[in-house]
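Shown next, in structure tokens, is the structure this report addresses.
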Amino acid sequence: MKKQFLMFTAAAMLAAALAGCGQPTQKSSAQMGYIGVDAAKNMAMVAAQVDTTNTTFTTATLGQKDGIAYYEVDFTANGTDYRYAIDAMTGAVIESNSAASQTVGTNDTIATAAANGTTAAGAANGTTSAGAANGSATTGQTGAIDEARAKQIALNHAGVSESDTTFVMAKQDYENGVLVYEIEFYVAATGSEYDYEIDAATGEIRGFDYDAENYTPRQQNTASASGETLSEADVRSIALAKVPGATANDIRMYLDRDDGRLCYEGKIIYQGMEYDFEIDAYSGAIQEWEAESVFD
């Protein structure tokens with residue numbers, strides 16, 4: 001009788017274990033509201049204006065950074081590599097990058113690349129090199145926008161005219177495999193330096209930095225003239241005004257002292273972008289402002 005009881009108990013435990021294995025993995029309450037991998041893929045293809053015919057996906061995974069859940073979707077279509085970050089809740093495109101595919105199709109391309117002194121990937125992208133003999137760098141890199149257009153995008157964003165600026169640098173470079181323009185210019189009237197990184201294919205501003213290196217606080221109001229500082233609420237409003245849509249829930253700031261003068265330092269994280277700033281506590285002038293994607 002005891003033997004039969006043990007056999008019955010073992011059978012019951014095995015059945016319960018098998019039943020448990022058949023249960024699907026429970027999603028968290030947050031994930032229940034996510035759009036799903038398939039929807040994220042579709043969102044990325046719609047944004048890239050491609051269809052499934054010639055699309056090959058290499059990555060489609062759920063990730064999280066700075067409290068933001070997103071799907072990383074990588075794929076190749078029509079000779080172009082795409083990378084998208086899709087908001088897991090809304091399906092909105094948080095970030096996108098694209099570049100000509102680095103795949104080399106034929107031995108002839110490789111041979112031509114060697115003859116020209118370039119890498120095979122460079123030859124596939126249509127780049128050439130002046131050769132090692134004169135020590136010059138690879139040239140001929142192209143994008144959807146030219147240097148003049150990249151400069152204008154930066155000037156428009158900074159709200160300054162070209163006649164008031166001195167360009168320190170304007171060149172192409174690769175950032176995480178993406179061809180970009182690095183634009184740097186100086187405005188003598190305000191003693192301000194601006195640095196921009198602009199996507200050479202789309203004209204999108206990937207990041208920018210504003211630095212009032214020779215900034216001298218202006219004594220324009222009673223508070224400033226008397227040595228009184230602005231309220232934290234006033235400074236918060238100044239910072240949030242630079243990021244339309246952001247609210248007090250998106251900003252963190254604190255009072256600090258820099259070179260003997262009080263200033264507010266902080267950051268705003270909103271829609272996949274992180275903005276770091278320094279604001280003069282007396283006049284409210286923005287001394288430093290930097291923006292970059294939270295996914296970089």
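How things are named: the first chain in the structure tokens is A, the next is B, and so on; residues count from 1 in each chain; ligands count from 1 in the order shown.
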
Any chance you could tabulate, as a tab-separated table, the residues of segment 142-249 of chain A at most 10 Å from segment 259-271 of chain A with each one's nearest atom pair and distance in Å to one decimal, using only C-alpha atoms, in chain and rising number order?
```
residue	atom	partner	partner_atom	distance
A:Pro217	CA	A:Arg261	CA	9.8
A:Thr229	CA	A:Leu262	CA	8.0
A:Leu230	CA	A:Cys263	CA	9.8
A:Glu232	CA	A:Tyr264	CA	8.3
A:Val235	CA	A:Tyr264	CA	7.6
A:Arg236	CA	A:Tyr264	CA	9.1
A:Ala239	CA	A:Ile268	CA	8.3
A:Leu240	CA	A:Ile268	CA	7.9
A:Lys242	CA	A:Ile268	CA	9.9
A:Val243	CA	A:Tyr270	CA	8.1
A:Pro244	CA	A:Tyr270	CA	9.6
A:Gly245	CA	A:Tyr270	CA	8.3
A:Ala246	CA	A:Tyr270	CA	6.2
A:Thr247	CA	A:Tyr270	CA	8.8
A:Ala248	CA	A:Ile268	CA	9.0
A:Asn249	CA	A:Ile268	CA	9.0
```

I need the residues from that last selection saved to file as a short mmCIF file (atom, residue, chain, number, x, y, z; two decimals), in the first residue's frame (with N, CA, C and O atoms), if you can.
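Result file follows (out.cif):
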```cif
data_model
loop_
_atom_site.label_atom_id
_atom_site.label_comp_id
_atom_site.auth_asym_id
_atom_site.auth_seq_id
_atom_site.Cartn_x
_atom_site.Cartn_y
_atom_site.Cartn_z
N PRO A 217 28.70 88.02 -17.28
CA PRO A 217 27.31 88.23 -16.89
C PRO A 217 26.87 89.67 -17.08
O PRO A 217 27.60 90.61 -16.76
N THR A 229 20.23 86.16 -6.55
CA THR A 229 20.08 85.15 -7.60
C THR A 229 18.62 84.99 -7.99
O THR A 229 17.71 85.31 -7.20
N LEU A 230 18.41 84.49 -9.18
CA LEU A 230 17.06 84.17 -9.63
C LEU A 230 16.55 82.95 -8.86
O LEU A 230 17.33 82.16 -8.33
N GLU A 232 14.88 79.25 -8.30
CA GLU A 232 15.04 77.99 -9.01
C GLU A 232 13.94 77.79 -10.04
O GLU A 232 14.19 77.27 -11.13
N VAL A 235 14.81 79.76 -13.22
CA VAL A 235 15.86 79.11 -14.01
C VAL A 235 15.34 77.84 -14.67
O VAL A 235 15.68 77.54 -15.82
N ARG A 236 14.48 77.10 -13.96
CA ARG A 236 13.89 75.90 -14.55
C ARG A 236 13.08 76.25 -15.79
O ARG A 236 13.14 75.56 -16.80
N ALA A 239 15.39 76.89 -18.79
CA ALA A 239 15.91 75.65 -19.38
C ALA A 239 14.83 74.90 -20.15
O ALA A 239 15.06 74.45 -21.28
N LEU A 240 13.65 74.77 -19.57
CA LEU A 240 12.57 74.02 -20.23
C LEU A 240 12.10 74.70 -21.52
O LEU A 240 11.63 74.03 -22.44
N LYS A 242 13.87 75.77 -23.74
CA LYS A 242 14.75 75.33 -24.83
C LYS A 242 14.34 73.97 -25.38
O LYS A 242 14.82 73.56 -26.44
N VAL A 243 13.47 73.26 -24.66
CA VAL A 243 13.07 71.91 -25.07
C VAL A 243 11.54 71.85 -25.09
O VAL A 243 10.91 71.46 -24.10
N PRO A 244 10.93 72.25 -26.19
CA PRO A 244 9.46 72.27 -26.27
C PRO A 244 8.85 70.91 -25.93
O PRO A 244 9.29 69.88 -26.44
N GLY A 245 7.87 70.92 -25.04
CA GLY A 245 7.20 69.68 -24.65
C GLY A 245 7.68 69.12 -23.34
O GLY A 245 6.96 68.37 -22.67
N ALA A 246 8.91 69.44 -22.95
CA ALA A 246 9.46 68.93 -21.70
C ALA A 246 8.79 69.62 -20.51
O ALA A 246 8.40 70.80 -20.59
N THR A 247 8.66 68.91 -19.40
CA THR A 247 8.02 69.44 -18.20
C THR A 247 8.96 69.35 -17.01
O THR A 247 10.09 68.84 -17.12
N ALA A 248 8.47 69.79 -15.85
CA ALA A 248 9.28 69.76 -14.65
C ALA A 248 9.67 68.35 -14.24
O ALA A 248 10.66 68.15 -13.53
N ASN A 249 8.92 67.36 -14.71
CA ASN A 249 9.25 65.96 -14.40
C ASN A 249 10.47 65.47 -15.17
O ASN A 249 11.04 64.43 -14.84
#
```

Selection near Glu278 of chain A, 10 Å with only C-alpha atoms, sequence-local residues under 3 positions removed, as a list in words = Asp211, Ala212, Ala239, Met253, Tyr254, Leu255, Asp256, Asp258, Cys263, Tyr264, Glu265, Gly266, Lys267, Ala281, Gly284, Ala285, Ile286, Gln287, Glu288, Trp289 and Glu290 of chain A

Skip Thr56 of chain A itself and residues of its chain fewer than 3 positions away, then list as a list of chain:residue names all residues within 7 Å of it, counting only C-alpha atoms.
-> A:Phe75, A:Thr76, A:Ala77

Excluding Met43 of chain A and any residue of its chain fewer than 5 positions from it, enumerate the residues within 9 Å of it, using only C-alpha atoms, and give them as a ChimeraX atom specification.
-> /A:38,48,86,91-93

One-decimal distance in Å that lies between atom CA of Ala44 of chain A and atom CA of Ala85 of chain A =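 Atom CA of Ala44 of chain A lies 8.3 Å from atom CA of Ala85 of chain A.
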